[in-house]
$ cat run_32.csv   # CSV, C-alpha atoms
chain,number,residue,atom,x,y,z
A,1,MET,CA,0.0,0.0,0.0
A,2,SER,CA,1.3,3.4,-0.9
A,3,PRO,CA,1.8,6.2,1.7
A,4,VAL,CA,-1.2,8.4,2.3
A,5,THR,CA,-0.7,11.8,0.8
A,6,SER,CA,-2.4,15.0,1.8
A,7,GLY,CA,-4.3,14.8,-1.6
A,8,HIS,CA,-5.5,11.3,-0.7
A,9,ARG,CA,-6.7,12.4,2.7
A,10,ARG,CA,-8.5,15.4,1.2
A,11,LEU,CA,-10.3,13.2,-1.3
A,12,ALA,CA,-11.1,10.6,1.3
A,13,THR,CA,-12.6,13.4,3.4
A,14,GLN,CA,-14.6,14.6,0.4
A,15,ILE,CA,-16.0,11.0,-0.1
A,16,LYS,CA,-17.0,10.8,3.6
A,17,ASP,CA,-18.7,14.2,3.4
A,18,ALA,CA,-20.5,13.2,0.2
A,19,LEU,CA,-21.7,10.0,1.9
A,20,ARG,CA,-23.0,12.0,4.8
A,21,ASP,CA,-24.8,14.4,2.5
A,22,LEU,CA,-26.2,11.4,0.6
A,23,HIS,CA,-27.5,9.8,3.8
A,24,ASN,CA,-29.1,13.1,4.9
A,25,GLN,CA,-30.7,13.6,1.5
A,26,LEU,CA,-32.0,10.1,1.2
A,27,SER,CA,-33.4,10.3,4.8
A,28,THR,CA,-35.2,13.5,3.8
A,29,LEU,CA,-36.6,11.8,0.7
A,30,ASN,CA,-37.7,8.8,2.7
A,31,ARG,CA,-39.4,11.1,5.3
A,32,GLN,CA,-41.3,12.9,2.5
A,33,ALA,CA,-42.4,9.6,1.0
A,34,GLY,CA,-43.4,8.5,4.5
A,35,VAL,CA,-45.5,11.6,4.9
A,36,HIS,CA,-47.3,10.8,1.6
A,37,LEU,CA,-47.9,7.2,2.7
A,38,ALA,CA,-48.7,8.0,6.3
A,39,LEU,CA,-45.8,5.7,7.5
A,40,LYS,CA,-43.1,6.3,10.1
A,41,ASP,CA,-39.5,6.1,9.1
A,42,VAL,CA,-39.0,2.8,10.9
A,43,ASP,CA,-42.1,1.4,9.2
A,44,MET,CA,-40.7,2.4,5.8
A,45,ASP,CA,-37.4,0.7,6.6
A,46,CYS,CA,-39.1,-2.5,7.6
A,47,LEU,CA,-41.4,-2.4,4.6
A,48,ASP,CA,-38.4,-2.0,2.4
A,49,LEU,CA,-36.7,-5.0,4.0
A,50,ILE,CA,-39.9,-7.1,3.6
A,51,ASN,CA,-40.1,-6.0,-0.1
A,52,ARG,CA,-36.4,-6.8,-0.7
A,53,HIS,CA,-36.0,-10.0,1.3
A,54,GLY,CA,-39.5,-11.3,2.0
A,55,PRO,CA,-41.5,-13.1,2.9
A,56,LEU,CA,-39.9,-13.0,6.3
A,57,SER,CA,-40.6,-14.3,9.8
A,58,PRO,CA,-41.0,-11.5,12.3
A,59,SER,CA,-37.8,-12.6,14.1
A,60,THR,CA,-35.8,-12.6,10.8
A,61,LEU,CA,-37.2,-9.1,10.1
A,62,ALA,CA,-36.1,-8.0,13.6
A,63,ARG,CA,-32.6,-9.3,12.9
A,64,HIS,CA,-32.4,-7.6,9.5
A,65,ALA,CA,-33.7,-4.3,11.0
A,66,GLY,CA,-31.6,-4.5,14.1
A,67,LEU,CA,-34.7,-4.0,16.2
A,68,HIS,CA,-36.2,-5.8,19.3
A,69,PRO,CA,-38.9,-8.3,18.4
A,70,ALA,CA,-41.5,-6.4,20.5
A,71,THR,CA,-40.8,-3.3,18.4
A,72,ILE,CA,-41.3,-5.4,15.2
A,73,THR,CA,-44.7,-6.5,16.5
A,74,GLY,CA,-45.9,-2.9,16.7
A,75,ILE,CA,-44.5,-2.0,13.3
A,76,LEU,CA,-46.2,-5.1,11.7
A,77,ASP,CA,-49.5,-4.2,13.4
A,78,ARG,CA,-49.3,-0.7,11.8
A,79,LEU,CA,-48.3,-2.0,8.4
A,80,GLU,CA,-50.9,-4.7,8.4
A,81,LYS,CA,-53.7,-2.3,9.6
A,82,ALA,CA,-52.7,0.1,6.8
A,83,GLY,CA,-52.8,-2.7,4.2
A,84,TRP,CA,-49.1,-2.8,3.4
A,85,VAL,CA,-48.3,-6.4,4.6
A,86,ALA,CA,-50.1,-9.6,5.4
A,87,ARG,CA,-49.1,-12.1,8.1
A,88,GLU,CA,-49.7,-15.7,7.1
A,89,ARG,CA,-49.0,-19.1,8.6
A,90,ASP,CA,-45.9,-20.7,7.3
A,91,PRO,CA,-46.9,-23.7,5.2
A,92,ALA,CA,-43.8,-25.6,6.3
A,93,ASP,CA,-44.4,-24.9,10.0
A,94,ARG,CA,-48.0,-24.0,10.9
A,95,ARG,CA,-46.8,-22.6,14.3
A,96,ALA,CA,-44.7,-20.0,12.5
A,97,VAL,CA,-45.8,-16.8,10.8
A,98,THR,CA,-44.4,-15.1,7.7
A,99,VAL,CA,-44.9,-11.5,6.6
A,100,ARG,CA,-45.2,-10.6,3.0
A,101,ALA,CA,-45.7,-7.3,1.3
A,102,LEU,CA,-48.9,-6.7,-0.6
A,103,PRO,CA,-47.9,-6.1,-4.2
A,104,ASP,CA,-50.7,-3.7,-5.1
A,105,ARG,CA,-49.4,-1.2,-2.5
A,106,GLY,CA,-45.9,-1.4,-3.9
A,107,ARG,CA,-46.9,0.7,-6.9
A,108,GLU,CA,-47.6,3.6,-4.6
A,109,ILE,CA,-44.1,3.5,-3.2
A,110,TYR,CA,-42.6,3.0,-6.7
A,111,GLN,CA,-44.4,6.2,-8.0
A,112,LEU,CA,-43.0,8.3,-5.1
A,113,PHE,CA,-39.4,7.2,-5.8
A,114,ALA,CA,-39.8,7.3,-9.6
A,115,GLY,CA,-38.0,10.7,-9.9
A,116,MET,CA,-35.0,9.4,-7.9
A,117,ASN,CA,-34.9,6.1,-9.8
A,118,SER,CA,-34.9,8.0,-13.1
A,119,ALA,CA,-32.2,10.3,-11.9
A,120,MET,CA,-30.1,7.4,-10.8
A,121,ASP,CA,-30.6,5.7,-14.2
A,122,ALA,CA,-29.4,8.9,-15.9
A,123,ILE,CA,-26.4,9.2,-13.5
A,124,CYS,CA,-25.4,5.5,-14.1
A,125,ALA,CA,-25.7,6.0,-17.9
A,126,GLY,CA,-22.7,8.4,-17.7
A,127,TYR,CA,-20.4,5.6,-16.5
A,128,ASP,CA,-19.1,2.6,-18.3
A,129,GLU,CA,-19.4,-1.0,-16.9
A,130,GLU,CA,-16.0,-1.0,-15.4
A,131,GLN,CA,-16.6,2.3,-13.6
A,132,LEU,CA,-20.0,1.0,-12.4
A,133,GLU,CA,-18.4,-2.2,-11.0
A,134,LEU,CA,-15.9,0.0,-9.1
A,135,LEU,CA,-18.6,2.1,-7.7
A,136,ALA,CA,-20.8,-0.9,-6.8
A,137,GLY,CA,-17.8,-2.5,-5.0
A,138,PHE,CA,-17.0,0.7,-3.1
A,139,LEU,CA,-20.6,1.0,-2.0
A,140,ARG,CA,-20.8,-2.6,-0.9
A,141,LYS,CA,-17.6,-2.2,1.1
A,142,THR,CA,-18.9,1.0,2.6
A,143,SER,CA,-22.1,-0.8,3.6
A,144,ASP,CA,-20.2,-3.7,5.1
A,145,ALA,CA,-18.1,-1.2,7.1
A,146,GLY,CA,-21.3,0.4,8.4
A,147,LEU,CA,-22.6,-3.0,9.4
A,148,THR,CA,-19.4,-3.7,11.3
A,149,ALA,CA,-19.4,-0.3,13.0
A,150,THR,CA,-23.1,-0.9,14.0
A,151,ARG,CA,-22.3,-4.3,15.5
A,152,THR,CA,-19.4,-2.9,17.4
A,153,LEU,CA,-21.4,0.0,18.8
A,154,ALA,CA,-24.3,-2.2,19.7
A,155,GLU,CA,-22.0,-4.7,21.5
A,156,SER,CA,-20.3,-1.9,23.4
A,157,THR,CA,-23.6,-0.6,24.7
A,158,GLY,CA,-25.1,-4.1,25.5
A,159,ASN,CA,-27.7,-3.9,22.7
A,160,ARG,CA,-28.4,-6.8,20.5
A,161,PRO,CA,-26.4,-6.1,17.3
A,162,ALA,CA,-28.0,-6.0,13.9
A,163,THR,CA,-27.1,-9.1,11.9
A,164,GLU,CA,-27.9,-7.8,8.4
A,165,ASN,CA,-27.0,-4.7,6.6
A,166,ARG,CA,-30.0,-2.6,5.8
A,167,GLY,CA,-28.2,0.4,4.3
A,168,GLY,CA,-28.8,4.0,5.4
A,169,ALA,CA,-25.7,4.4,7.6
A,170,ALA,CA,-23.3,7.0,6.3
A,171,ALA,CA,-19.6,7.2,6.9
A,172,GLY,CA,-18.5,9.6,9.6
A,173,GLY,CA,-16.0,12.3,9.1
$ encode --input "run_32.csv" --output "structure tokens"
Amino acid sequence: MSPVTSGHRRLATQIKDALRDLHNQLSTLNRQAGVHLALKDVDMDCLDLINRHGPLSPSTLARHAGLHPATITGILDRLEKAGWVARERDPADRRAVTVRALPDRGREIYQLFAGMNSAMDAICAGYDEEQLELLAGFLRKTSDAGLTATRTLAESTGNRPATENRGGAAAGG
């Protein structure tokens, strides 16, 4: 590894600052979408996890979200009452429950994020495949670093650490 120059440190700081700005802007976008959908931020996060990884058991969702199972119960109650998810008996184990997102409601979310998705498509169009692979790798490594930092922080405070990366954490400066 080559020695770190002042230019390298300056650029690394710019990247960390940009990630913090991105985190703040995406949080603001998610809050605005939540206002339109009458969902809390944590409800939106859990709904996204269910959409991306579901159907899930409530305990698996709790691990993905890094939340206590009792907290998940309240979130699922709200999401189910509002018609976003359905809880169903697991056909493999009738004692277990799985949670799945209701597909008709997903279109509402997609419409709210259509502007951002279109902007991302336009941004990505300005990069070749090799550059996109580099960026995707960087973002995966950054996400993994966030997961590790979350686990370390949770363990140091005695909280049950999150076991899955759910995105959203930005690099600190």
$ atom_distance --input "run_32.csv" --atom1 "atom CA of A:Leu76" --atom2 "atom CA of A:Leu47"
9.0 Å
$ closest_residue --input "run_32.csv" --among "A:Ala119, A:Arg87, A:Glu133, A:Pro58" --to "A:Thr73" --atoms "all atoms listed in the file"
A:Pro58
$ residues_near_point --input "run_32.csv" --point "(-44.0, -8.0, 0.8)" --cutoff "10 Å" --atoms "all atoms listed in the file" --output "JSON list (two decimals) with C-alpha atoms, in the frame of the given file"
[["chain", "number", "residue", "atom", "x", "y", "z"],
["A", 47, "LEU", "CA", -41.40, -2.40, 4.60],
["A", 48, "ASP", "CA", -38.40, -2.00, 2.40],
["A", 49, "LEU", "CA", -36.70, -5.00, 4.00],
["A", 50, "ILE", "CA", -39.90, -7.10, 3.60],
["A", 51, "ASN", "CA", -40.10, -6.00, -0.10],
["A", 52, "ARG", "CA", -36.40, -6.80, -0.70],
["A", 53, "HIS", "CA", -36.00, -10.00, 1.30],
["A", 54, "GLY", "CA", -39.50, -11.30, 2.00],
["A", 55, "PRO", "CA", -41.50, -13.10, 2.90],
["A", 56, "LEU", "CA", -39.90, -13.00, 6.30],
["A", 84, "TRP", "CA", -49.10, -2.80, 3.40],
["A", 85, "VAL", "CA", -48.30, -6.40, 4.60],
["A", 86, "ALA", "CA", -50.10, -9.60, 5.40],
["A", 87, "ARG", "CA", -49.10, -12.10, 8.10],
["A", 98, "THR", "CA", -44.40, -15.10, 7.70],
["A", 99, "VAL", "CA", -44.90, -11.50, 6.60],
["A", 100, "ARG", "CA", -45.20, -10.60, 3.00],
["A", 101, "ALA", "CA", -45.70, -7.30, 1.30],
["A", 102, "LEU", "CA", -48.90, -6.70, -0.60],
["A", 103, "PRO", "CA", -47.90, -6.10, -4.20],
["A", 104, "ASP", "CA", -50.70, -3.70, -5.10],
["A", 105, "ARG", "CA", -49.40, -1.20, -2.50],
["A", 106, "GLY", "CA", -45.90, -1.40, -3.90]]
$ residues_around --input "run_32.csv" --residues "A:Asp43" --least-positions-apart "2" --cutoff "9 Å" --atoms "all atoms listed in the file" --output "VMD selection string"
chain A and resid 34 39 to 41 45 to 48 75 to 76 78 to 79
$ atom_distance --input "run_32.csv" --atom1 "atom CA of A:Lys141" --atom2 "atom CA of A:Phe113"
24.7 Å
$ atom_distance --input "run_32.csv" --atom1 "atom CA of A:Ala145" --atom2 "atom CA of A:Glu129"
24.0 Å
$ closest_residue --input "run_32.csv" --among "A:Ala92, A:Leu139, A:Leu61, A:Leu37" --to "A:Lys16" --atoms "all atoms listed in the file"
A:Leu139
$ residues_around --input "run_32.csv" --residues "A:Ala33" --least-positions-apart "5" --cutoff "9 Å" --atoms "only C-alpha atoms" --output "PyMOL selection string"
chain A and resi 28+38-39+44+109+112-113
$ build_atoms --input "run_32.csv" --residues "stretch 7-18 of chain A" --atoms "N, CA and C atoms" --output "PDB file, in the frame of the given file"
ATOM      1  N   GLY A   7      -3.246  14.881  -0.528  1.00  0.00           N
ATOM      2  CA  GLY A   7      -4.300  14.800  -1.600  1.00  0.00           C
ATOM      3  C   GLY A   7      -5.231  13.665  -1.360  1.00  0.00           C
ATOM      4  N   HIS A   8      -4.661  12.526  -0.993  1.00  0.00           N
ATOM      5  CA  HIS A   8      -5.500  11.300  -0.700  1.00  0.00           C
ATOM      6  C   HIS A   8      -6.389  11.567   0.455  1.00  0.00           C
ATOM      7  N   ARG A   9      -5.854  12.142   1.543  1.00  0.00           N
ATOM      8  CA  ARG A   9      -6.700  12.400   2.700  1.00  0.00           C
ATOM      9  C   ARG A   9      -7.792  13.413   2.390  1.00  0.00           C
ATOM     10  N   ARG A  10      -7.470  14.419   1.586  1.00  0.00           N
ATOM     11  CA  ARG A  10      -8.500  15.400   1.200  1.00  0.00           C
ATOM     12  C   ARG A  10      -9.602  14.749   0.400  1.00  0.00           C
ATOM     13  N   LEU A  11      -9.242  13.882  -0.550  1.00  0.00           N
ATOM     14  CA  LEU A  11     -10.300  13.200  -1.300  1.00  0.00           C
ATOM     15  C   LEU A  11     -11.071  12.217  -0.500  1.00  0.00           C
ATOM     16  N   ALA A  12     -10.417  11.514   0.411  1.00  0.00           N
ATOM     17  CA  ALA A  12     -11.100  10.600   1.300  1.00  0.00           C
ATOM     18  C   ALA A  12     -12.134  11.369   2.163  1.00  0.00           C
ATOM     19  N   THR A  13     -11.739  12.534   2.629  1.00  0.00           N
ATOM     20  CA  THR A  13     -12.600  13.400   3.400  1.00  0.00           C
ATOM     21  C   THR A  13     -13.820  13.835   2.558  1.00  0.00           C
ATOM     22  N   GLN A  14     -13.569  14.192   1.309  1.00  0.00           N
ATOM     23  CA  GLN A  14     -14.600  14.600   0.400  1.00  0.00           C
ATOM     24  C   GLN A  14     -15.639  13.434   0.203  1.00  0.00           C
ATOM     25  N   ILE A  15     -15.124  12.209   0.090  1.00  0.00           N
ATOM     26  CA  ILE A  15     -16.000  11.000  -0.100  1.00  0.00           C
ATOM     27  C   ILE A  15     -16.851  10.851   1.175  1.00  0.00           C
ATOM     28  N   LYS A  16     -16.239  10.933   2.356  1.00  0.00           N
ATOM     29  CA  LYS A  16     -17.000  10.800   3.600  1.00  0.00           C
ATOM     30  C   LYS A  16     -18.058  11.874   3.716  1.00  0.00           C
ATOM     31  N   ASP A  17     -17.694  13.092   3.373  1.00  0.00           N
ATOM     32  CA  ASP A  17     -18.700  14.200   3.400  1.00  0.00           C
ATOM     33  C   ASP A  17     -19.812  13.945   2.432  1.00  0.00           C
ATOM     34  N   ALA A  18     -19.476  13.467   1.235  1.00  0.00           N
ATOM     35  CA  ALA A  18     -20.500  13.200   0.200  1.00  0.00           C
ATOM     36  C   ALA A  18     -21.427  12.068   0.687  1.00  0.00           C
TER      37      ALA A  18
END
